Amino acid sequence: MVKFSKQFEGQLIPEWKEAFVDYWQLKKGIKKIQLFNNTNNNTLNMHQSSSMPKSIISSIRNYSLFGNQHRDHGPIQVHRKLASSTSKGDMYETELLEQFADTDAAKEFFACLDHQLNKVNKFYRTKEEEFMKRGDSLRKQMKILLELKSTFMEKQGREGCSQDSKEDQSISCTFSNEEDSVRNRELQEEMQETSTDDKNETPFSESPRTDEVGKSMQMKSKDGKLRTHSGRINNYQGKNLRINIPLTTPSRTFSAISYLVREDLLNQSSRKCGTEGGKVHVNKTKLHHAEKMIKGGFIELYKGLGYLKVYRNLNMLAFLKILKKFDKVTAKQILPIYLKVVESSYFNSSDKVMKLADEVEELFIKKFAEDNRRKAMKYLRPSQAKESHFVTFFIGLFTGCLLALLAGYVIMAHVTGLYRPQQHSVYMETVYPVLSMFSLMFLHFFLYGCNILAWRKTRINYSFIFELAPTKDLKYGDIFLICTMAMTTVIGVISLHLTLLTKGYSCAQVQDIPGLLLLVFLLMLVCPFNIIYRSSRYRFLSIIRNIMLSPLYKVVMLDFFMADQLCSQVPMIRNLEYVACYYITGSYKTQDYGYCMRTKHYRDLAYAVSFLPYYWRAMQCGRRWFEEGQTSHLVNLGKYVSAMLAAGAKMAYEKDGSIVWLCLVVIMSSAATMYQLYWDFVKDWGLLQINSNNPWLRNELMLQRKSIYYFSMGLNLILRLAWLQTVLHSSFESVDYRVTSLFLAALEVIRRGLWNFYRLENEHLNNAGKFRAVKTVPLPFHEVDEED
């Protein structure tokens with residue numbers, strides 16, 4: 001039977017762990033009392049004969065008038081203090097009315113118990129108020145949305161009766177409220193999205209609430225009306241109204257810039273004509289985005305209310321279990337007395353959360369699910385896919401096949417001497433880059449599966465940090481299955497190619513096999529049919545698109561996390577570039593594998609490929625600095641600039657080969673490595689804190705063994721230096737330099753896999769420190785009453 005402490009730890013919300021009852025500390029207090037009781041029992045057994053008269057006297061006292069008075073009140077009495085101006089809610093304090101075996105330990109236990117009860121009540125009240133405010137805001141948003149949709153439909157019915165469906169999509173509805181300055185609107189919405197989409201590389205920063213941002217972005221005029229910085233009043237049905245749709249895509253960004261230019265022209269013309277600016281045009285697209293944002297707000301609110309229910313039930317059960325243990329150890333009837341106080345306390349007696357959850361559920365079913373409860377529950381209570389035994393079976397099957405094929409391939413390669421220097425240069429220049437590319441990619445993918453397994457074991461909420469859908473994100477079993485199946489296919493095809501070569505087929509006859517293998521994988525990646533994890537494949541493609549256009553897209557946690565992965569896959573990207581050039585130009589037909597290397601455009605592109613991952617990451621840092629104004633993003637940008645300089649020096653050294661460039665490579669790479677090591681340990685991992693309770697670590701650690709952190713820092717240092725060896729282009733005498741380069745590139749991928757775990761651990765701890773378990777979704781409409 002599993003102990004309750006294990007069940008309690010497995011079911012609590014990780015981000016709220018510090019706000020739950022400290023069940024383990026209370027158990028320590030009971031153990032102290034139990035240890036003292038055992039010591040007293042041993043002493044009583046030794047002096048049983050001499051203590052007989054005393055026991056008789058004590059038994060008589062139990063029936064005395066004084067004893068009856070204490071029994072009427074019970075062993076304890078819990079006093080309830082009224083809330084003061086500095087604290088929220090009532091405070092509870094326990095008074096001992098009977099003499100316990102160990103009074104000091106008992107007093108300490110009840111003081112801790114009172115503290116836990118007061119902490120739970122305070123946290124519950126705080127979160128309840130937060131969710132109630134969200135609920136009120138969403139009600140107002142929903143009301144405005146319904147009014148706008150109704151007005152829009154009436155407008156469309158009057159003016160678009162004779163138009164076809166395509167023209168109906170472009171009809172806009174004009175209201176009497178004027179448009180804000182786009183610059184003001186963009187700044188406000190970016191600040192609002194800080195706590196949802198933008199996860200800092202440094203610890204999470206507090207982002208202002210939506211209403212606070214709205215107030216900070218407005219100024220009071222002399223007549224008491226709220227105006228924007230442009231001094232223009234936005235009025236809709238007697239209210240100031242602002243419609244904010246997040247500019248998260250390049251099209252919206254460009255449209256905002258064009259609108260800004262158009263607004264400036266309108267302002268200039270309005271000054272000349274003495275009239276005010278234009279009106280707001282609300283079309284179907286804006287209303288669709290606004291409805292989608294409000295829908296997401298309801299989903300997150302319902303999720304938070306569900307977490308609060310779990311918080312109440314688990315804490316109630318924890319109080320019940322710990323009081324039972326106390327009664328069992330002390331033989332006192334404490335449970336009915338204290339449990340009655342707990343049941344009547346605020347966190348258990350308040351029904352606001354239940355009522356709000358029912359209201360949200362009813363409203364969501366009516367407005368977003370067309371009165372279909374089953375459809376609504378798919379959004380409000382998404383069910384996670386159950387882990388299948390077939391996945392485990394096929395993982396084992398493909399793993400066995402992969403090991404067998406890999407052993408056969410290594411034996412054939414050793415017998416034929418493929419990987420020795422100056423041997424089979426055609427094979428090493430044409431087929432080996434394909435094998436190297438797939439090996440690095442799926443090694444990285446396999447390590448990501450290991451990361452997910454480790455995050456789940458340590459209760460790190462990676463799904464919340466990455467904002468992954470619980471029904472669509474890949475589990476570690478799925479990732480292991482993809483890796484083993486894909487690498488079995490790759491090694492099988494490469495082994496078949498090598499077998500054909502050993503049987504006397506010429507390279508020209510079998511050279512298209514590696515190209516077909518790459519083409520099949522690319523077609524599977526973009527396959528439009530709902531097979532082979534289509535949602536995950538398309539999410540991956542969208543992330544790559546966001547990275548490649550990183551200055552234009554909103555930077556979210558998953559985007560810059562993936563961009564960091566690409567920084568460790570420069571050799572893989574260069575192999576992909578070479579293989580693409582080899583097959584697209586038709587060089588595989590003539591066996592002219594040196595054609596791409598002789599082409600100037602290819603050499604220029606090779607420079608760009610070496611810079612691109614660092615450039616993309618630097619652009620992401622630049623956009624985040626532009627949006628948030630934090631200098632830490634500029635410092636982080638400098639890290640990637642130093643990596644770009646080191647990569648450029650390496651490329652120049654490979655081309656020139658002079659001693660001057662070699663010295664410059666060593667200097668630039670060493671400086672970049674020291675820069676990156678500092679950022680890894682201090683910023684990304686949160687370690688090397690001098691005043692920490694754990695020497696040179698951080699105050700809070702997810703792993704129990706501190707030695708693992710020291711070992712990881714040392715290993716990260718060694719692997720960073722191994723990456724430095726790739727700059728020096730070192731190789732072993734008996735092995736081709738390309739095999740050595742693959743080995744060193746694999747070490748960098750392993751270092752990145754190690755970095756991923758501690759990066760998410762630090763992100764999780766900073767997020768849990770602010771008790772954020774649900775996203776704060778930005779809302780589209782912002783209104784202020786004129787009389788305010």
# chains A, B, ... in the order shown; residues from 1 in each chain; ligands from 1

$ residues_around --residues "stretch 741-757 of chain A" --least-positions-apart "6" --cutoff "9 Å" --atoms "only C-alpha atoms" --output "PyMOL selection string"
chain A and resi 436+439-441+443-444+447-448+450-452+454-455+561+564-565+568-572+680+684-685+712+715-716+719-720+722-723+725-726+729-731

$ residues_around --residues "stretch 579-594 of chain A" --least-positions-apart "2" --cutoff "12 Å" --atoms "only C-alpha atoms" --output "ChimeraX atom specification"
/A:425-438,506-519,522,572-577,596-599,601-603,605-606

$ select_by_dssp --residues "stretch 552-596 of chain A" --states "helix (DSSP H, G or I)" --output "ChimeraX atom specification"
/A:557-567,570-584,587-590,595-596

$ residues_around --residues "A:Ile544" --least-positions-apart "5" --cutoff "12 Å" --atoms "only C-alpha atoms" --output "count of residues only"
17

$ residues_around --residues "stretch 472-477 of chain A" --least-positions-apart "4" --cutoff "7 Å" --atoms "only C-alpha atoms" --output "list in words"
Val391, Thr392, Gly449, Cys450, Ile452, Leu453, Leu468, Leu481, Ser535 and Ser536 of chain A

$ atom_distance --atom1 "atom CA of A:Lys32" --atom2 "atom CA of A:Ala331"
15.1 Å

$ closest_residue --among "A:Tyr737, A:Phe398, A:Tyr758, A:Phe626" --to "A:Thr458" --atoms "only C-alpha atoms"
A:Tyr758

$ closest_atom_pairs --of "stretch 431-515 of chain A" --to "stretch 408-418 of chain A" --cutoff "8 Å" --atoms "only C-alpha atoms" --output "JSON lines"
{"residue": "A:Ile491", "atom": "CA", "partner": "A:Tyr409", "partner_atom": "CA", "distance": 7.6}
{"residue": "A:Ser495", "atom": "CA", "partner": "A:Tyr409", "partner_atom": "CA", "distance": 5.6}
{"residue": "A:Leu498", "atom": "CA", "partner": "A:Met412", "partner_atom": "CA", "distance": 7.9}

$ write_last_selection --atoms "C-alpha atoms" --output "PDB file, in the first residue's frame"
ATOM      1  CA  ILE A 491      20.732   2.129 -40.614  1.00  0.00           C
ATOM      2  CA  SER A 495      23.504  -1.096 -44.630  1.00  0.00           C
ATOM      3  CA  LEU A 498      26.924  -0.705 -48.332  1.00  0.00           C
TER       4      LEU A 498
END

$ select_by_dssp --residues "stretch 278-337 of chain A" --states "strand (DSSP E)" --output "ChimeraX atom specification"
/A:279-282

$ closest_residue --among "A:Ala19, A:Leu677, A:Leu523, A:Val665" --to "A:Gly648" --atoms "only C-alpha atoms"
A:Val665

$ residues_around --residues "A:Gln676" --least-positions-apart "4" --cutoff "12 Å" --atoms "only C-alpha atoms" --output "ChimeraX atom specification"
/A:635-643,669-672,680-685,716-717,719-721,723-724,755

$ residues_around --residues "A:Leu664" --least-positions-apart "2" --cutoff "10 Å" --atoms "only C-alpha atoms" --output "short mmCIF file (atom, residue, chain, number, x, y, z; two decimals) with N, CA, C and O atoms, in the first residue's frame"
data_model
loop_
_atom_site.label_atom_id
_atom_site.label_comp_id
_atom_site.auth_asym_id
_atom_site.auth_seq_id
_atom_site.Cartn_x
_atom_site.Cartn_y
_atom_site.Cartn_z
N ALA A 646 33.24 33.50 -33.23
CA ALA A 646 34.06 32.29 -33.16
C ALA A 646 33.82 31.40 -34.38
O ALA A 646 34.76 30.84 -34.96
N ALA A 649 35.57 32.96 -37.38
CA ALA A 649 37.02 32.73 -37.33
C ALA A 649 37.35 31.30 -37.74
O ALA A 649 38.36 31.04 -38.42
N LYS A 650 36.50 30.36 -37.33
CA LYS A 650 36.73 28.96 -37.70
C LYS A 650 36.63 28.77 -39.21
O LYS A 650 37.47 28.09 -39.82
N ALA A 652 37.09 31.01 -41.53
CA ALA A 652 38.24 31.67 -42.18
C ALA A 652 39.50 30.82 -42.04
O ALA A 652 40.31 30.74 -42.97
N TYR A 653 39.65 30.17 -40.88
CA TYR A 653 40.82 29.31 -40.68
C TYR A 653 40.78 28.09 -41.58
O TYR A 653 41.82 27.66 -42.12
N ILE A 659 48.69 30.48 -39.43
CA ILE A 659 48.85 30.47 -37.98
C ILE A 659 48.15 31.66 -37.33
O ILE A 659 47.71 31.59 -36.18
N VAL A 660 48.03 32.76 -38.07
CA VAL A 660 47.34 33.94 -37.53
C VAL A 660 45.88 33.62 -37.28
O VAL A 660 45.32 33.94 -36.21
N TRP A 661 45.25 32.99 -38.25
CA TRP A 661 43.84 32.63 -38.07
C TRP A 661 43.66 31.57 -36.99
O TRP A 661 42.65 31.56 -36.27
N LEU A 662 44.63 30.69 -36.85
CA LEU A 662 44.56 29.68 -35.79
C LEU A 662 44.58 30.34 -34.42
O LEU A 662 43.79 29.98 -33.53
N VAL A 666 41.53 30.37 -31.58
CA VAL A 666 41.68 29.96 -30.18
C VAL A 666 41.21 31.08 -29.25
O VAL A 666 40.50 30.85 -28.26
N ILE A 667 41.58 32.32 -29.55
CA ILE A 667 41.20 33.44 -28.69
C ILE A 667 39.69 33.65 -28.71
O ILE A 667 39.04 33.76 -27.65
N MET A 668 39.10 33.71 -29.90
CA MET A 668 37.67 33.97 -30.00
C MET A 668 36.85 32.83 -29.41
O MET A 668 35.86 33.06 -28.70
N SER A 669 37.26 31.59 -29.67
CA SER A 669 36.50 30.45 -29.16
C SER A 669 36.63 30.34 -27.64
O SER A 669 35.66 29.97 -26.97
N SER A 670 37.79 30.65 -27.11
CA SER A 670 37.97 30.59 -25.66
C SER A 670 37.11 31.65 -24.97
O SER A 670 36.45 31.37 -23.95
#
